[in-house]
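First comes the structure, then the notes that go with it.
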Amino acid sequence: MLRNENRADFPVEKGILAGEPQDEGVGIERCSVADAKIIYNSPFNDLLFRAQSVHRENFDPNAVQISRLLSIKTGGCAEDCGYCSQSARSPTGLKASRLIMVEKVLAEASKAKAEGASRYCMGAAWRSPKDRDMETLVAMVEGVKALGLETCMTLGMLSPEQAGTLAGAGLDYYNHNIDTSEEFYPQVITTRTFADRLDTLANVRDAGMKVCAGGILGMGETTDDRISMLVTLSNLPEPPESVPINMLIPIPGSRLANAEPVDPIEFVRTIALARILMPRSHVRLSAGRTQMSDEMQALCFFAGANSIFAGDTLLTADNPGEDYDTALFRRLGLKPMDLGPGE
Ligand code: SAM
Ligand code: DTB
Ligand code: SF4
């Protein structure tokens with residue numbers, strides 16, 4: 001259920017909340033849940049003006065980073081994530097397959113590069129990688145990097161040693177989502193804990209990789225859960241460089257197949273809060289774009305989203321595809337982001 005009856009009138013001037021920096025623009029880098037709620041509940045125009053101001057202070061407002069995704073190991077996963085098509089515990093009808101060959105990954109990555117992607121993200125339906133798979137994963141990272149793409153992987157939980165091995169191979173980013181608030185988490189996943197997720201994020205950071213961490217809206221969580229999730233992310237020892245905000249793609253047969261869809265205005269508010277709390281992070285408008293109107297996506301970009309997944313498919317679910325995104329970018333005057341050295 002959406003709970004937003006008590007919106008506060010919120011002046012947009014910077015520095016009005018406890019602990020807000022007075023001299024560093026209108027973004028906030030450490031924030032309490034109470035302060036984040038005040039920002040989230042401010043009048044929509046004030047919230048979006050503030051988010052767009054933060055965005056402009058830190059990024060080219062018309063540039064969007066383009067990532068591509070490939071499922072390198074699909075289905076048959078031991079975890080019970082209630083939203084996922086790939087859990088062996090849900091009758092979603094997805095056929096499981098083994099880890100694919102390095103050559104196949106490199107062929108797909110070359111195509112993605114030719115179509116304008118700057119980052120290539122490889123995902124596996126695992127609780128965590130097996131040590132016997134590490135050699136293949138290392139070869140994938142090295143091969144994709146050699147094509148001149150940034151590399152990202154999402155393979156489940158990582159030990160410090162596994163994180164070190166992937167970092168040593170040159171993996172730029174590791175994606176590991178906290179998915180929702182600590183309070184709501186046990187209603188979504190029972191086979192691992194919120195603390196397990198934070199441990200892996202710490203292992204990734206300690207190994208020297210960049211962190212990609214975000215979550216999903218539309219699983220039946222409250223507005224407070226969404227705000228709490230963003231405060232957790234922004235208050236990590238270092239905020240994630242990349243923050244994917246997914247809208248639940250309802251998967252028939254999964255436990256959350258019939259969750260109530262998220263209100264689009266609430267979705268945009270969440271993007272805006274992510275931008276304000278994590279001023280220098282790439283906020284990715286991630287899964288669920290096929291169910292969003294062009295106008296909703298435009299509002300998300302205005303609120304500070306500046307990254308997307310391109311291509312027809314995410315891991316197993318549909319994505320709008322190249323032609324749709326080219327047309328949308330043209331209508332909105334958006335351009336793919338050029339990555340400078342070290343970005
Ligand atoms: N198995 C690894 C893990 O869970 O970390 C990596 C792959 S997993 C599919 C990556 C992320 O995709 C999840 O954490 C979740 O946030 C997102 N995701 C999965 N299924 C989704 C769905 N149906 N709708 C929206 N987001 C989804
Ligand atoms: C993320 O936050 N979203 C991507 C990526 N990280 C790995 C995955 C979305 C998956 C959508 C459902 C599917 O394709 O099965
Ligand atoms: Fe497995 Fe990841 Fe899907 Fe959870 S989200 S069931 S860990 S593939």
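Identifiers in this document derive from the order of the structure tokens: chains are assigned A, B, ..., residues are numbered from 1 separately in each chain, and ligands are numbered from 1 in order of occurrence.
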Margin query: At a cut-off of 12 Å, using only C-alpha atoms, what residues contact Gly93 in chain A? Leave out same-chain residues fewer than 5 positions from it and give the result as a list in words.
Written below: Gly75, Gly76, Cys84, Ser85, Gln86, Ser87, Ala88, Ile251, Pro252, Gly253, Ser254 and Thr316 of chain A
Just-selected residues, N, CA and C atoms written as a short mmCIF file (atom, residue, chain, number, x, y, z; two decimals), in the first residue's frame:
```
data_model
loop_
_atom_site.label_atom_id
_atom_site.label_comp_id
_atom_site.auth_asym_id
_atom_site.auth_seq_id
_atom_site.Cartn_x
_atom_site.Cartn_y
_atom_site.Cartn_z
N GLY A 75 18.91 -19.56 -14.74
CA GLY A 75 17.93 -20.44 -14.08
C GLY A 75 18.51 -21.45 -13.12
N GLY A 76 17.61 -22.21 -12.48
CA GLY A 76 18.02 -23.28 -11.57
C GLY A 76 18.68 -22.77 -10.30
N CYS A 84 11.93 -13.41 -8.63
CA CYS A 84 12.85 -13.82 -9.71
C CYS A 84 12.33 -14.98 -10.56
N SER A 85 12.57 -14.88 -11.84
CA SER A 85 12.21 -15.96 -12.78
C SER A 85 13.15 -17.16 -12.66
N GLN A 86 14.32 -16.95 -11.99
CA GLN A 86 15.39 -17.94 -12.07
C GLN A 86 15.52 -18.83 -10.84
N SER A 87 14.65 -18.62 -9.84
CA SER A 87 14.71 -19.44 -8.64
C SER A 87 14.15 -20.83 -8.95
N ALA A 88 14.91 -21.86 -8.59
CA ALA A 88 14.44 -23.24 -8.82
C ALA A 88 13.22 -23.53 -7.94
N ILE A 251 6.67 -11.83 -12.68
CA ILE A 251 6.98 -13.08 -13.37
C ILE A 251 5.92 -14.13 -13.00
N PRO A 252 5.14 -14.61 -13.98
CA PRO A 252 4.15 -15.64 -13.66
C PRO A 252 4.83 -16.83 -13.00
N GLY A 253 4.24 -17.31 -11.91
CA GLY A 253 4.80 -18.45 -11.18
C GLY A 253 5.69 -18.04 -10.02
N SER A 254 6.18 -16.77 -10.03
CA SER A 254 7.00 -16.31 -8.90
C SER A 254 6.06 -15.88 -7.77
N THR A 316 16.48 -12.41 -18.30
CA THR A 316 15.52 -13.34 -18.90
C THR A 316 14.28 -12.60 -19.41
#
```
Margin query: Just want the residues within 7 Å of ligand 2, written as a ChimeraX atom specification, counting only C-alpha atoms and all ligand atoms.
Written below: /A:69,84-86,123,154,175,177,214-215,244-246,249,286-287,313-318
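Proximal residues of ligand 3 are A:Cys77, A:Glu79, A:Asp80, A:Cys81, A:Cys84, A:Gln86, A:Ser87, A:Ala125, A:Trp126, A:Arg127, A:Gly156, by a cut-off of 6 Å on only C-alpha atoms and all ligand atoms.
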Include N, CA, C and O atoms and write out the residues we just selected as a short mmCIF file (atom, residue, chain, number, x, y, z; two decimals), in the first residue's frame.
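So part_2.cif came out as:
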```
data_model
loop_
_atom_site.label_atom_id
_atom_site.label_comp_id
_atom_site.auth_asym_id
_atom_site.auth_seq_id
_atom_site.Cartn_x
_atom_site.Cartn_y
_atom_site.Cartn_z
N CYS A 77 18.37 -21.55 -9.88
CA CYS A 77 19.08 -20.95 -8.74
C CYS A 77 18.52 -21.48 -7.41
O CYS A 77 17.31 -21.65 -7.25
N GLU A 79 18.44 -19.98 -4.55
CA GLU A 79 17.87 -18.93 -3.68
C GLU A 79 16.36 -18.82 -3.90
O GLU A 79 15.84 -19.24 -4.95
N ASP A 80 15.66 -18.19 -2.95
CA ASP A 80 14.20 -18.11 -3.07
C ASP A 80 13.68 -16.68 -3.25
O ASP A 80 12.60 -16.34 -2.74
N CYS A 81 14.41 -15.84 -3.96
CA CYS A 81 14.00 -14.45 -4.17
C CYS A 81 12.61 -14.43 -4.83
O CYS A 81 12.44 -14.97 -5.93
N CYS A 84 11.93 -13.41 -8.63
CA CYS A 84 12.85 -13.82 -9.71
C CYS A 84 12.33 -14.98 -10.56
O CYS A 84 11.77 -15.95 -10.04
N GLN A 86 14.32 -16.95 -11.99
CA GLN A 86 15.39 -17.94 -12.07
C GLN A 86 15.52 -18.83 -10.84
O GLN A 86 16.41 -19.69 -10.79
N SER A 87 14.65 -18.62 -9.84
CA SER A 87 14.71 -19.44 -8.64
C SER A 87 14.15 -20.83 -8.95
O SER A 87 13.03 -20.95 -9.45
N ALA A 125 22.80 -16.85 -12.34
CA ALA A 125 21.78 -17.26 -11.37
C ALA A 125 22.40 -18.19 -10.33
O ALA A 125 22.17 -19.40 -10.33
N TRP A 126 23.20 -17.59 -9.48
CA TRP A 126 23.89 -18.34 -8.43
C TRP A 126 23.65 -17.70 -7.07
O TRP A 126 23.49 -16.47 -7.00
N ARG A 127 23.72 -18.52 -6.03
CA ARG A 127 23.80 -17.96 -4.67
C ARG A 127 25.18 -17.31 -4.50
O ARG A 127 25.32 -16.24 -3.96
N GLY A 156 26.00 -13.17 -7.34
CA GLY A 156 25.60 -13.54 -5.99
C GLY A 156 26.68 -13.15 -4.98
O GLY A 156 27.50 -12.27 -5.24
#
```
Next item on the list: Within range 97-248 of chain A, find each residue whose DSSP state, derived from the backbone, is strand (DSSP E), and express the selection as a PyMOL selection string.
Entry: chain A and resi 119-124+150-154+173-175+210-212+215-217+242-247
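Each of A:Asp196, A:Glu115, A:Asp133, A:Asp60 was checked against Ile100 in chain A using only C-alpha atoms; the smallest atom-to-atom distance is that of A:Asp133.
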Next item on the list: List every residue of range 29-271 of chain A that DSSP, applied to the backbone of this structure, assigns to alpha helix (DSSP H), and report them as a VMD selection string.
Entry: chain A and resid 33 to 40 44 to 58 102 to 114 134 to 146 160 to 169 185 to 188 194 to 206 223 to 234 264 to 271
Margin query: Restricting the calculation to only C-alpha atoms: of A:Arg132, A:Arg226, A:Lys145, A:Lys37, which residue gets closest to Glu182 in chain A?
Written below: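 For Glu182 in chain A, the nearest of the given residues is A:Arg226.
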Item checked: Residue with smallest distance to Ala195 in chain A - pool A:Cys121, A:Val231, A:Ala163, A:Met157, counting only C-alpha atoms ->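 Using only C-alpha atoms, the shortest distance to Ala195 in chain A belongs to A:Met157.
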Margin query: I'd like the contact shell of Gln187 in chain A - 12 Å cut-off, only C-alpha atoms, skipping same-chain residues fewer than 5 positions apart - returned as a list in words.
Written below: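 Counting only the stated atoms, we get Asp80, Cys81, Gly82, Tyr83, Asp179, Thr180, Ser181, Glu182, Arg192, Thr193, Phe194, Met219, Gly220, Glu221, Arg255 and Leu256 of chain A.
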Could you save the residues just selected, with N, CA, C and O atoms, as a PDB file, in the first residue's frame?
```
ATOM      1  N   ASP A  80      15.659 -18.194  -2.951  1.00  0.00           N
ATOM      2  CA  ASP A  80      14.197 -18.113  -3.067  1.00  0.00           C
ATOM      3  C   ASP A  80      13.685 -16.676  -3.251  1.00  0.00           C
ATOM      4  O   ASP A  80      12.602 -16.344  -2.738  1.00  0.00           O
ATOM      5  N   CYS A  81      14.413 -15.845  -3.957  1.00  0.00           N
ATOM      6  CA  CYS A  81      14.004 -14.447  -4.173  1.00  0.00           C
ATOM      7  C   CYS A  81      12.612 -14.428  -4.826  1.00  0.00           C
ATOM      8  O   CYS A  81      12.443 -14.970  -5.930  1.00  0.00           O
ATOM      9  N   GLY A  82      11.670 -13.797  -4.134  1.00  0.00           N
ATOM     10  CA  GLY A  82      10.258 -13.897  -4.521  1.00  0.00           C
ATOM     11  C   GLY A  82       9.921 -13.244  -5.844  1.00  0.00           C
ATOM     12  O   GLY A  82       8.853 -13.496  -6.414  1.00  0.00           O
ATOM     13  N   TYR A  83      10.812 -12.406  -6.349  1.00  0.00           N
ATOM     14  CA  TYR A  83      10.562 -11.669  -7.595  1.00  0.00           C
ATOM     15  C   TYR A  83      11.136 -12.358  -8.828  1.00  0.00           C
ATOM     16  O   TYR A  83      10.865 -11.965  -9.948  1.00  0.00           O
ATOM     17  N   ASP A 179      18.066  -4.694  -2.650  1.00  0.00           N
ATOM     18  CA  ASP A 179      16.693  -4.965  -3.095  1.00  0.00           C
ATOM     19  C   ASP A 179      15.601  -4.164  -2.407  1.00  0.00           C
ATOM     20  O   ASP A 179      14.677  -3.680  -3.053  1.00  0.00           O
ATOM     21  N   THR A 180      15.661  -4.043  -1.051  1.00  0.00           N
ATOM     22  CA  THR A 180      14.588  -3.316  -0.345  1.00  0.00           C
ATOM     23  C   THR A 180      15.116  -2.897   1.015  1.00  0.00           C
ATOM     24  O   THR A 180      16.326  -2.927   1.246  1.00  0.00           O
ATOM     25  N   SER A 181      14.213  -2.514   1.921  1.00  0.00           N
ATOM     26  CA  SER A 181      14.659  -2.123   3.266  1.00  0.00           C
ATOM     27  C   SER A 181      15.044  -3.366   4.066  1.00  0.00           C
ATOM     28  O   SER A 181      14.600  -4.490   3.767  1.00  0.00           O
ATOM     29  N   GLU A 182      15.818  -3.162   5.116  1.00  0.00           N
ATOM     30  CA  GLU A 182      16.183  -4.272   6.006  1.00  0.00           C
ATOM     31  C   GLU A 182      14.929  -4.912   6.598  1.00  0.00           C
ATOM     32  O   GLU A 182      14.850  -6.141   6.740  1.00  0.00           O
ATOM     33  N   ARG A 192      18.923 -15.977   2.390  1.00  0.00           N
ATOM     34  CA  ARG A 192      20.102 -15.208   2.813  1.00  0.00           C
ATOM     35  C   ARG A 192      19.576 -13.937   3.474  1.00  0.00           C
ATOM     36  O   ARG A 192      18.404 -13.599   3.309  1.00  0.00           O
ATOM     37  N   THR A 193      20.457 -13.249   4.200  1.00  0.00           N
ATOM     38  CA  THR A 193      19.990 -12.099   4.979  1.00  0.00           C
ATOM     39  C   THR A 193      20.463 -10.781   4.363  1.00  0.00           C
ATOM     40  O   THR A 193      21.362 -10.757   3.508  1.00  0.00           O
ATOM     41  N   PHE A 194      19.848  -9.723   4.843  1.00  0.00           N
ATOM     42  CA  PHE A 194      20.253  -8.370   4.454  1.00  0.00           C
ATOM     43  C   PHE A 194      21.730  -8.161   4.831  1.00  0.00           C
ATOM     44  O   PHE A 194      22.507  -7.608   4.045  1.00  0.00           O
ATOM     45  N   MET A 219       7.184  -4.405  -4.940  1.00  0.00           N
ATOM     46  CA  MET A 219       7.086  -5.773  -4.392  1.00  0.00           C
ATOM     47  C   MET A 219       6.091  -5.831  -3.235  1.00  0.00           C
ATOM     48  O   MET A 219       6.053  -6.822  -2.513  1.00  0.00           O
ATOM     49  N   GLY A 220       5.361  -4.736  -3.012  1.00  0.00           N
ATOM     50  CA  GLY A 220       4.440  -4.673  -1.876  1.00  0.00           C
ATOM     51  C   GLY A 220       5.033  -3.916  -0.698  1.00  0.00           C
ATOM     52  O   GLY A 220       4.444  -3.872   0.376  1.00  0.00           O
ATOM     53  N   GLU A 221       6.210  -3.328  -0.893  1.00  0.00           N
ATOM     54  CA  GLU A 221       6.857  -2.553   0.157  1.00  0.00           C
ATOM     55  C   GLU A 221       6.153  -1.200   0.336  1.00  0.00           C
ATOM     56  O   GLU A 221       5.465  -0.740  -0.559  1.00  0.00           O
ATOM     57  N   ARG A 255       6.604 -15.828  -6.539  1.00  0.00           N
ATOM     58  CA  ARG A 255       5.764 -15.475  -5.382  1.00  0.00           C
ATOM     59  C   ARG A 255       5.180 -14.074  -5.510  1.00  0.00           C
ATOM     60  O   ARG A 255       4.134 -13.773  -4.954  1.00  0.00           O
ATOM     61  N   LEU A 256       5.865 -13.182  -6.208  1.00  0.00           N
ATOM     62  CA  LEU A 256       5.400 -11.794  -6.302  1.00  0.00           C
ATOM     63  C   LEU A 256       4.694 -11.507  -7.627  1.00  0.00           C
ATOM     64  O   LEU A 256       4.561 -10.341  -8.014  1.00  0.00           O
TER      65      LEU A 256
END
```
Check: Any idea what's packed within 12 Å of Phe302 in chain A, counting only C-alpha atoms, ignoring anything in its chain fewer than 2 positions away? Could you give it as an MDAnalysis selection string?
Finding: chainID A and resid 45 47:56 60:64 268:269 271:272 275 283 285 295:300 304:306 332:334
Check: Between A:Phe309, A:Phe59, A:Phe44, A:Tyr324, which has the minimum distance to ligand 1 (counting only C-alpha atoms and all ligand atoms)?
Finding: A:Phe309
Next item on the list: Compare A:Leu201, A:Ala327, A:Met122, A:Leu248 by their minimum atom-to-atom distance to ligand 1, counting only C-alpha atoms and all ligand atoms, and give me the closest one.
Entry: A:Leu248
Margin query: Quick check, in Å to one decimal: how far apart do CA of Arg119 in chain A and CA of Ser71 in chain A lie?
Written below: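 Separation between CA of Arg119 in chain A and CA of Ser71 in chain A: 14.5 Å.
With CA of Pro239 in chain A on one side and CA of Ser281 in chain A on the other, the separation reads 7.6 Å.
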Check: Using only C-alpha atoms, which residues sit within 8 Å of Gln65 in chain A once same-chain residues fewer than 3 positions away are excluded, as JSON, numbers by chain?
Finding: {"A": [118, 282, 306, 307, 308, 336, 337, 338]}
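Between ligand 1 and the candidates A:Pro237, A:Gly218, A:Pro279, A:Pro320, the tightest atom-to-atom separation, counting only C-alpha atoms and all ligand atoms, involves A:Gly218.
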